[in-house]
Each structure stands twice: as structure tokens, then as C-alpha cells.
Amino acid sequence: MAPWTLWRGCQRVVGWVPVLFIFFVVGWSYYAYVVKLCVYTISKDENDTAKDKSGKAVVYLVAFHLFFVMFVWSYGMTIFTSPATPSKEFYLSSSEKERYEKEFSQERQQEILRRVARDLPIDTTSASKAIRYCEKCQLIKPDRAHHCSACDACILKMDHHCPWVNNCVGFSNYKFFLLFLLYSLSYCLFVATTVLEYFIKFWTNDLADPHVKFHVLFLFFVSSMFFISILSLFSYHCWLVGKNKTTIESFRSPTFSYGTDGNGFSLGYAKNWRQVFGDEKKYWLLPIFSSLGDGCSFPTRLVGMDPEQASAANQSEYARSIGSNQPFPTKPLSESKNRLLDSESQWPENGSEEGVDRAGTNNHVTVAIEN
């Protein structure tokens, strides 16, 4: 067995350790809450009547199982939903790959890539204004797609690779990930608040069974600890959804033809949320895929605007971000199928021929190989 294959196999095995840890904690919490708290502790509470004890236990168990099922369902969907990868139109064909590999001139290789990218719905470039190309996957990256070294693939609208789910969080499972965080919060909050009464009794020595004491103590501390840690993460991702950003884009803003724009994909708070959760509200709280789009192309904040307003917005944004020395003139991103390679959206509108060579070929767009 090759060393690289053995290493990848070990990585895959080790990657399941955090997931197994979460399942162990959740399994223990189920046993501790249902058996030790509801069955043994509440049913034997001498301060309540038999009717009160049974009613309290039933309410606690029904609510607990509701949160438990939704948590496990959303967590499982986040783990086992395969990350979406670019469609075949973004890949180089066999003949294109063969020509690309045979060419020793970088300019000729770039021309091959340019021809492939000409008809693709691409709005963004690399920071150096080059077409984003993945050498490992041999494809032109769609907007918001990135190569994940852990998954060894380009992932559509990649947010991050999460070790706690042993999976990439991206276009296909981002809604599931958000619901997983939501139901984790709800589960931990419910457990902590309902156990608090018996946690106080633990300190006043009103719990006689030492085994129950142990479970009650750790139920409260573990649920409180996870609630606090997940709350910050959930709040952060709610902010990202409202801004229509991924975690990667929050640290490195995407680059458009007019410059870097951290809000380039933002369509407004309501539309940003619908892009992730869908148009049908009945599916919003269920871990069922309902996100809008195909993951390969995304509307930008300039789509649907008046061309003059869009141009003014581009110029204002560009002036704030990178100044006046721009390689691309500012124009609405929605004017052509490919906003980066279309000649009309690349060249000055005053009839100047400075940006065009004698053969009429656009020589301002550069293409670089980007891992």
C-alpha cells in the first residue's frame, strides 16, 4: 500500500473520533435524563404528589424527545449529506486537458482556460484578477467554491470543513448545519433549565441516590458548557447568513471585476435568509433541503438594479476599496453571461482601442492556476 493511501486512510478513521465523541455524550445525556432524572428522581420526589410527579415526568419526556429527535436528525443530515461539487461544465474535457498538458507556454495554457471559462457564469476572480482554476480537480472554480484538502475536492459555496461533523459545510448541507446548531442550543438549554432544580437539591443534600447525584451534576455542567460555546457559533453564523457570506468570505472578501467587495452577494436580509432556507416557510425548521439555486452561480447585489445605479454603485465601492488604478472598468455584473470575459464588460466605452491587440483579442485577462 502506498504511503499516501495509508495516510489518507488514517485521516479518514481519525476524522470520525470527534463525531463518535458527540454521539457518546448525547447517548449518555439521553440515559441520564430519561432514566436517572425522569424515571428515578422525579418519580421518587417526596415533595410532589403522585399526580404531579407523573404529569411533570410526562411533560419533561415529551419535550425532551422532541428536542432530541430534531437534534439527532439535523446532526445526521449534516454529517451524511455529501458536499456538492461543481457540475461537469466547469471541468476541462479530455481534449482540453490533453492540449493543456502538452503546452509548455503559459500563455497558450491560459488561452485554453480562457476559452473554457468564456461561457461559464463566473463573477469572481482571484485577488490577482486571474481566473480561479484548481489544478488538482482540473476545473475552473465556480463562484464561492473552494478546494478542501480534507475532502480532496472542490466544494460549492464552501463555508468550512467541520471536524465535529467530519464533513465539509457548504451549499448542500449549510441549512442542516444551522439547524444542527439551533437544535443543539435548544436541547442544551432545555436540559440545563429542567435539571437546575435538582442541581440545587444536589448541593442541599436532598438527593439520596449517589448515582443520581453524579448524573445530575454532570448533566447541568455539560449542557451549560455546550450551550455557551454553541451560542457564540450560532450567533456568528446567523450574522453570516444575514450578510450572505461564508466563513471563508468573512476573512477574505471575494474579488469582482470592479474590485474586492465583501457584500457582493448580499441581496438584503430577507432574501439572504431565503437563499439558505428556501421560499416555503413550512420547511424552514426541518432538516430537508430547500435552499435556492444550484450552488454553481449566485445572484449579486447589483442584479436587478438600474444600469446607471449599478455603475454608480460599482464606482463608489471600487473607489472605497482599491482606488482609481483599476484593470477593469466598472459595469453591472449582470450584463453578460460571463461578466469577466465578455468583451463589452472588459473594455472602456469611449471607443479606445488601448485594451485590444491587433488581432482583436482581449489581452487584459490573465489566468493563473490556483490550488
# chains A, B, ... in the order shown; residues from 1 in each chain; ligands from 1
$ residues_around --residues "Val17 of chain A" --least-positions-apart "6" --cutoff "9 Å" --atoms "only C-alpha atoms" --output "list of chain:residue names"
A:Pro163, A:Trp164, A:Asn166
$ select_by_dssp --residues "segment 110-185 of chain A" --states "strand (DSSP E)" --output "PyMOL selection string"
chain A and resi 130-134+139-140+146-148+153-155+160-162+167-169
$ write_last_selection --atoms "all heavy atoms" --output "compact mmCIF listing (two decimals), in the first residue's frame"
# COMPACT_ATOMS: atom_id res chain seq x y z
N ALA A 130 -7.14 37.01 -11.68
CA ALA A 130 -6.97 35.85 -12.56
C ALA A 130 -8.14 34.89 -12.38
O ALA A 130 -8.81 34.88 -11.35
CB ALA A 130 -5.66 35.12 -12.25
N ILE A 131 -8.41 34.10 -13.43
CA ILE A 131 -9.46 33.08 -13.34
C ILE A 131 -9.07 32.07 -12.27
O ILE A 131 -7.94 31.61 -12.20
CB ILE A 131 -9.63 32.37 -14.69
CG1 ILE A 131 -9.96 33.37 -15.78
CG2 ILE A 131 -10.73 31.31 -14.60
CD1 ILE A 131 -11.25 34.11 -15.58
N ARG A 132 -10.02 31.73 -11.42
CA ARG A 132 -9.74 30.78 -10.34
C ARG A 132 -9.80 29.35 -10.89
O ARG A 132 -10.86 28.84 -11.22
CB ARG A 132 -10.75 30.96 -9.20
CG ARG A 132 -10.74 32.37 -8.63
CD ARG A 132 -11.53 32.48 -7.33
NE ARG A 132 -12.80 31.78 -7.39
CZ ARG A 132 -13.21 30.89 -6.49
NH1 ARG A 132 -12.46 30.59 -5.46
NH2 ARG A 132 -14.38 30.31 -6.61
N TYR A 133 -8.63 28.72 -10.96
CA TYR A 133 -8.52 27.38 -11.54
C TYR A 133 -7.91 26.44 -10.51
O TYR A 133 -6.93 26.78 -9.83
CB TYR A 133 -7.65 27.42 -12.79
CG TYR A 133 -7.46 26.07 -13.44
CD1 TYR A 133 -8.49 25.47 -14.15
CD2 TYR A 133 -6.25 25.38 -13.32
CE1 TYR A 133 -8.32 24.23 -14.73
CE2 TYR A 133 -6.07 24.15 -13.91
CZ TYR A 133 -7.11 23.57 -14.61
OH TYR A 133 -6.94 22.34 -15.20
N CYS A 134 -8.50 25.27 -10.35
CA CYS A 134 -7.99 24.25 -9.44
C CYS A 134 -7.21 23.21 -10.23
O CYS A 134 -7.77 22.49 -11.05
CB CYS A 134 -9.14 23.57 -8.67
SG CYS A 134 -8.58 22.29 -7.53
N LEU A 139 -10.45 21.92 -12.91
CA LEU A 139 -11.69 22.62 -13.23
C LEU A 139 -11.56 24.10 -12.91
O LEU A 139 -10.71 24.51 -12.13
CB LEU A 139 -12.88 22.02 -12.47
CG LEU A 139 -12.84 22.01 -10.93
CD1 LEU A 139 -13.26 23.34 -10.32
CD2 LEU A 139 -13.73 20.90 -10.40
N ILE A 140 -12.40 24.87 -13.55
CA ILE A 140 -12.49 26.29 -13.24
C ILE A 140 -13.49 26.43 -12.10
O ILE A 140 -14.63 25.96 -12.18
CB ILE A 140 -12.93 27.10 -14.47
CG1 ILE A 140 -11.83 26.98 -15.51
CG2 ILE A 140 -13.24 28.53 -14.10
CD1 ILE A 140 -12.00 27.80 -16.73
N HIS A 146 -14.43 26.38 -3.28
CA HIS A 146 -13.03 26.30 -2.85
C HIS A 146 -12.64 24.84 -2.75
O HIS A 146 -13.49 23.97 -2.56
CB HIS A 146 -12.81 27.00 -1.51
CG HIS A 146 -13.10 28.46 -1.53
ND1 HIS A 146 -12.18 29.41 -1.91
CD2 HIS A 146 -14.24 29.14 -1.25
CE1 HIS A 146 -12.71 30.61 -1.84
NE2 HIS A 146 -13.97 30.49 -1.45
N HIS A 147 -11.34 24.61 -2.86
CA HIS A 147 -10.84 23.23 -2.76
C HIS A 147 -10.59 22.89 -1.30
O HIS A 147 -9.90 23.62 -0.58
CB HIS A 147 -9.54 23.07 -3.56
CG HIS A 147 -9.06 21.65 -3.60
ND1 HIS A 147 -9.47 20.76 -4.57
CD2 HIS A 147 -8.23 20.96 -2.79
CE1 HIS A 147 -8.90 19.59 -4.36
NE2 HIS A 147 -8.14 19.68 -3.28
N CYS A 148 -11.16 21.79 -0.85
CA CYS A 148 -10.97 21.32 0.52
C CYS A 148 -9.91 20.22 0.52
O CYS A 148 -10.09 19.18 -0.12
CB CYS A 148 -12.28 20.79 1.10
SG CYS A 148 -12.10 20.08 2.75
N ALA A 153 -11.50 17.70 -2.73
CA ALA A 153 -12.45 18.05 -3.79
C ALA A 153 -12.79 19.52 -3.67
O ALA A 153 -12.63 20.14 -2.62
CB ALA A 153 -13.73 17.20 -3.68
N CYS A 154 -13.27 20.09 -4.78
CA CYS A 154 -13.78 21.46 -4.76
C CYS A 154 -15.23 21.42 -4.31
O CYS A 154 -16.05 20.67 -4.85
CB CYS A 154 -13.66 22.09 -6.15
SG CYS A 154 -11.97 22.60 -6.57
N ILE A 155 -15.57 22.24 -3.30
CA ILE A 155 -16.88 22.22 -2.68
C ILE A 155 -17.63 23.50 -3.03
O ILE A 155 -17.10 24.61 -2.90
CB ILE A 155 -16.75 22.11 -1.15
CG1 ILE A 155 -15.84 20.92 -0.78
CG2 ILE A 155 -18.13 21.97 -0.51
CD1 ILE A 155 -16.33 19.59 -1.28
N HIS A 160 -16.73 25.94 5.55
CA HIS A 160 -15.57 25.45 6.29
C HIS A 160 -15.64 23.94 6.36
O HIS A 160 -16.69 23.35 6.10
CB HIS A 160 -15.51 26.07 7.69
CG HIS A 160 -16.60 25.59 8.61
ND1 HIS A 160 -17.92 26.00 8.46
CD2 HIS A 160 -16.58 24.74 9.67
CE1 HIS A 160 -18.65 25.43 9.39
NE2 HIS A 160 -17.88 24.65 10.14
N HIS A 161 -14.54 23.32 6.71
CA HIS A 161 -14.54 21.88 6.99
C HIS A 161 -14.65 21.72 8.50
O HIS A 161 -13.79 22.16 9.25
CB HIS A 161 -13.28 21.20 6.47
CG HIS A 161 -13.32 19.71 6.62
ND1 HIS A 161 -13.80 18.87 5.64
CD2 HIS A 161 -12.96 18.90 7.65
CE1 HIS A 161 -13.73 17.62 6.05
NE2 HIS A 161 -13.22 17.61 7.28
N CYS A 162 -15.74 21.09 8.95
CA CYS A 162 -16.04 21.00 10.38
C CYS A 162 -15.62 19.62 10.92
O CYS A 162 -16.17 18.60 10.48
CB CYS A 162 -17.52 21.23 10.62
SG CYS A 162 -17.97 21.16 12.37
N ASN A 167 -17.14 16.54 7.96
CA ASN A 167 -17.66 16.81 6.63
C ASN A 167 -17.44 18.28 6.31
O ASN A 167 -17.26 19.11 7.21
CB ASN A 167 -19.16 16.49 6.57
CG ASN A 167 -19.67 16.32 5.17
OD1 ASN A 167 -18.91 16.38 4.20
ND2 ASN A 167 -20.97 16.11 5.02
N CYS A 168 -17.47 18.60 5.03
CA CYS A 168 -17.43 19.98 4.61
C CYS A 168 -18.82 20.59 4.74
O CYS A 168 -19.81 19.97 4.36
CB CYS A 168 -16.95 20.09 3.16
SG CYS A 168 -15.24 20.62 3.02
N VAL A 169 -18.88 21.78 5.27
CA VAL A 169 -20.14 22.52 5.34
C VAL A 169 -20.18 23.46 4.14
O VAL A 169 -19.32 24.34 4.01
CB VAL A 169 -20.26 23.31 6.65
CG1 VAL A 169 -21.54 24.12 6.68
CG2 VAL A 169 -20.20 22.35 7.84
$ closest_residue --among "A:Tyr258, A:Phe171, A:Tyr198, A:Trp273" --to "Gly293 of chain A" --atoms "only C-alpha atoms"
A:Phe171
$ residues_around --residues "Leu196 of chain A" --least-positions-apart "3" --cutoff "12 Å" --atoms "only C-alpha atoms" --output "PyMOL selection string"
chain A and resi 37+188-193+199-203+216-221+223-224
$ atom_distance --atom1 "atom CA of Val212 of chain A" --atom2 "atom CA of Val72 of chain A"
24.9 Å
$ closest_residue --among "A:Val241, A:Val165, A:Leu292, A:Ile112" --to "Thr78 of chain A" --atoms "only C-alpha atoms"
A:Val165
$ residues_around --residues "segment 135-138 of chain A" --least-positions-apart "5" --cutoff "12 Å" --atoms "only C-alpha atoms" --output "PyMOL selection string"
chain A and resi 85-94+96-98+100-101+113+116+146-149+151-155+368-371
$ write_last_selection --atoms "N, CA and C atoms" --output "PDB file, in the first residue's frame"
ATOM      1  N   THR A  85     -20.395  19.275  -5.425  1.00  0.00           N
ATOM      2  CA  THR A  85     -19.206  19.608  -6.211  1.00  0.00           C
ATOM      3  C   THR A  85     -19.633  20.255  -7.538  1.00  0.00           C
ATOM      4  N   PRO A  86     -18.723  20.963  -8.198  1.00  0.00           N
ATOM      5  CA  PRO A  86     -19.082  21.653  -9.449  1.00  0.00           C
ATOM      6  C   PRO A  86     -19.615  20.699 -10.510  1.00  0.00           C
ATOM      7  N   SER A  87     -20.519  21.203 -11.329  1.00  0.00           N
ATOM      8  CA  SER A  87     -21.075  20.412 -12.427  1.00  0.00           C
ATOM      9  C   SER A  87     -20.023  20.216 -13.515  1.00  0.00           C
ATOM     10  N   LYS A  88     -20.307  19.308 -14.436  1.00  0.00           N
ATOM     11  CA  LYS A  88     -19.308  18.896 -15.419  1.00  0.00           C
ATOM     12  C   LYS A  88     -18.892  20.014 -16.369  1.00  0.00           C
ATOM     13  N   GLU A  89     -19.715  21.039 -16.525  1.00  0.00           N
ATOM     14  CA  GLU A  89     -19.361  22.113 -17.443  1.00  0.00           C
ATOM     15  C   GLU A  89     -18.146  22.914 -16.970  1.00  0.00           C
ATOM     16  N   PHE A  90     -17.819  22.819 -15.676  1.00  0.00           N
ATOM     17  CA  PHE A  90     -16.667  23.538 -15.147  1.00  0.00           C
ATOM     18  C   PHE A  90     -15.375  22.739 -15.281  1.00  0.00           C
ATOM     19  N   TYR A  91     -15.484  21.468 -15.649  1.00  0.00           N
ATOM     20  CA  TYR A  91     -14.295  20.631 -15.805  1.00  0.00           C
ATOM     21  C   TYR A  91     -13.729  20.771 -17.214  1.00  0.00           C
ATOM     22  N   LEU A  92     -12.424  20.599 -17.326  1.00  0.00           N
ATOM     23  CA  LEU A  92     -11.804  20.549 -18.641  1.00  0.00           C
ATOM     24  C   LEU A  92     -12.125  19.204 -19.278  1.00  0.00           C
ATOM     25  N   SER A  93     -12.432  19.232 -20.552  1.00  0.00           N
ATOM     26  CA  SER A  93     -12.695  17.985 -21.270  1.00  0.00           C
ATOM     27  C   SER A  93     -11.373  17.245 -21.495  1.00  0.00           C
ATOM     28  N   SER A  94     -11.483  16.011 -21.948  1.00  0.00           N
ATOM     29  CA  SER A  94     -10.275  15.202 -22.182  1.00  0.00           C
ATOM     30  C   SER A  94      -9.356  15.863 -23.201  1.00  0.00           C
ATOM     31  N   GLU A  96      -9.247  19.066 -23.985  1.00  0.00           N
ATOM     32  CA  GLU A  96      -8.713  20.314 -23.423  1.00  0.00           C
ATOM     33  C   GLU A  96      -7.604  20.028 -22.424  1.00  0.00           C
ATOM     34  N   LYS A  97      -7.784  18.986 -21.614  1.00  0.00           N
ATOM     35  CA  LYS A  97      -6.730  18.626 -20.669  1.00  0.00           C
ATOM     36  C   LYS A  97      -5.485  18.150 -21.407  1.00  0.00           C
ATOM     37  N   GLU A  98      -5.701  17.406 -22.486  1.00  0.00           N
ATOM     38  CA  GLU A  98      -4.558  16.921 -23.263  1.00  0.00           C
ATOM     39  C   GLU A  98      -3.794  18.077 -23.896  1.00  0.00           C
ATOM     40  N   TYR A 100      -3.815  21.141 -22.850  1.00  0.00           N
ATOM     41  CA  TYR A 100      -3.248  21.933 -21.753  1.00  0.00           C
ATOM     42  C   TYR A 100      -1.934  21.325 -21.251  1.00  0.00           C
ATOM     43  N   GLU A 101      -1.923  20.003 -21.098  1.00  0.00           N
ATOM     44  CA  GLU A 101      -0.724  19.338 -20.597  1.00  0.00           C
ATOM     45  C   GLU A 101       0.413  19.329 -21.606  1.00  0.00           C
ATOM     46  N   LEU A 113      -7.655  27.856 -21.050  1.00  0.00           N
ATOM     47  CA  LEU A 113      -8.536  28.058 -19.904  1.00  0.00           C
ATOM     48  C   LEU A 113      -9.530  29.180 -20.156  1.00  0.00           C
ATOM     49  N   VAL A 116     -12.444  27.918 -22.200  1.00  0.00           N
ATOM     50  CA  VAL A 116     -13.362  27.109 -21.404  1.00  0.00           C
ATOM     51  C   VAL A 116     -14.236  28.002 -20.525  1.00  0.00           C
ATOM     52  N   HIS A 146     -14.427  26.385  -3.275  1.00  0.00           N
ATOM     53  CA  HIS A 146     -13.033  26.301  -2.850  1.00  0.00           C
ATOM     54  C   HIS A 146     -12.640  24.837  -2.750  1.00  0.00           C
ATOM     55  N   HIS A 147     -11.338  24.605  -2.864  1.00  0.00           N
ATOM     56  CA  HIS A 147     -10.841  23.233  -2.764  1.00  0.00           C
ATOM     57  C   HIS A 147     -10.592  22.893  -1.299  1.00  0.00           C
ATOM     58  N   CYS A 148     -11.163  21.790  -0.849  1.00  0.00           N
ATOM     59  CA  CYS A 148     -10.971  21.319   0.524  1.00  0.00           C
ATOM     60  C   CYS A 148      -9.909  20.223   0.523  1.00  0.00           C
ATOM     61  N   SER A 149      -8.835  20.443   1.250  1.00  0.00           N
ATOM     62  CA  SER A 149      -7.761  19.451   1.281  1.00  0.00           C
ATOM     63  C   SER A 149      -8.185  18.199   2.049  1.00  0.00           C
ATOM     64  N   CYS A 151     -11.336  16.890   2.190  1.00  0.00           N
ATOM     65  CA  CYS A 151     -12.235  16.122   1.313  1.00  0.00           C
ATOM     66  C   CYS A 151     -11.592  15.821  -0.038  1.00  0.00           C
ATOM     67  N   ASP A 152     -10.504  16.526  -0.360  1.00  0.00           N
ATOM     68  CA  ASP A 152      -9.803  16.374  -1.634  1.00  0.00           C
ATOM     69  C   ASP A 152     -10.747  16.612  -2.814  1.00  0.00           C
ATOM     70  N   ALA A 153     -11.505  17.700  -2.725  1.00  0.00           N
ATOM     71  CA  ALA A 153     -12.453  18.050  -3.788  1.00  0.00           C
ATOM     72  C   ALA A 153     -12.792  19.525  -3.673  1.00  0.00           C
ATOM     73  N   CYS A 154     -13.274  20.090  -4.780  1.00  0.00           N
ATOM     74  CA  CYS A 154     -13.777  21.455  -4.763  1.00  0.00           C
ATOM     75  C   CYS A 154     -15.234  21.423  -4.306  1.00  0.00           C
ATOM     76  N   ILE A 155     -15.569  22.241  -3.305  1.00  0.00           N
ATOM     77  CA  ILE A 155     -16.880  22.218  -2.677  1.00  0.00           C
ATOM     78  C   ILE A 155     -17.632  23.497  -3.030  1.00  0.00           C
ATOM     79  N   ALA A 368      -4.460  32.224 -13.976  1.00  0.00           N
ATOM     80  CA  ALA A 368      -3.415  31.556 -13.195  1.00  0.00           C
ATOM     81  C   ALA A 368      -3.985  30.291 -12.592  1.00  0.00           C
ATOM     82  N   ILE A 369      -3.098  29.359 -12.354  1.00  0.00           N
ATOM     83  CA  ILE A 369      -3.518  28.105 -11.723  1.00  0.00           C
ATOM     84  C   ILE A 369      -3.500  28.314 -10.225  1.00  0.00           C
ATOM     85  N   GLU A 370      -4.640  28.021  -9.609  1.00  0.00           N
ATOM     86  CA  GLU A 370      -4.776  28.257  -8.168  1.00  0.00           C
ATOM     87  C   GLU A 370      -5.254  26.998  -7.513  1.00  0.00           C
ATOM     88  N   ASN A 371      -4.511  26.568  -6.514  1.00  0.00           N
ATOM     89  CA  ASN A 371      -4.910  25.372  -5.786  1.00  0.00           C
ATOM     90  C   ASN A 371      -5.975  25.726  -4.793  1.00  0.00           C
TER      91      ASN A 371
END
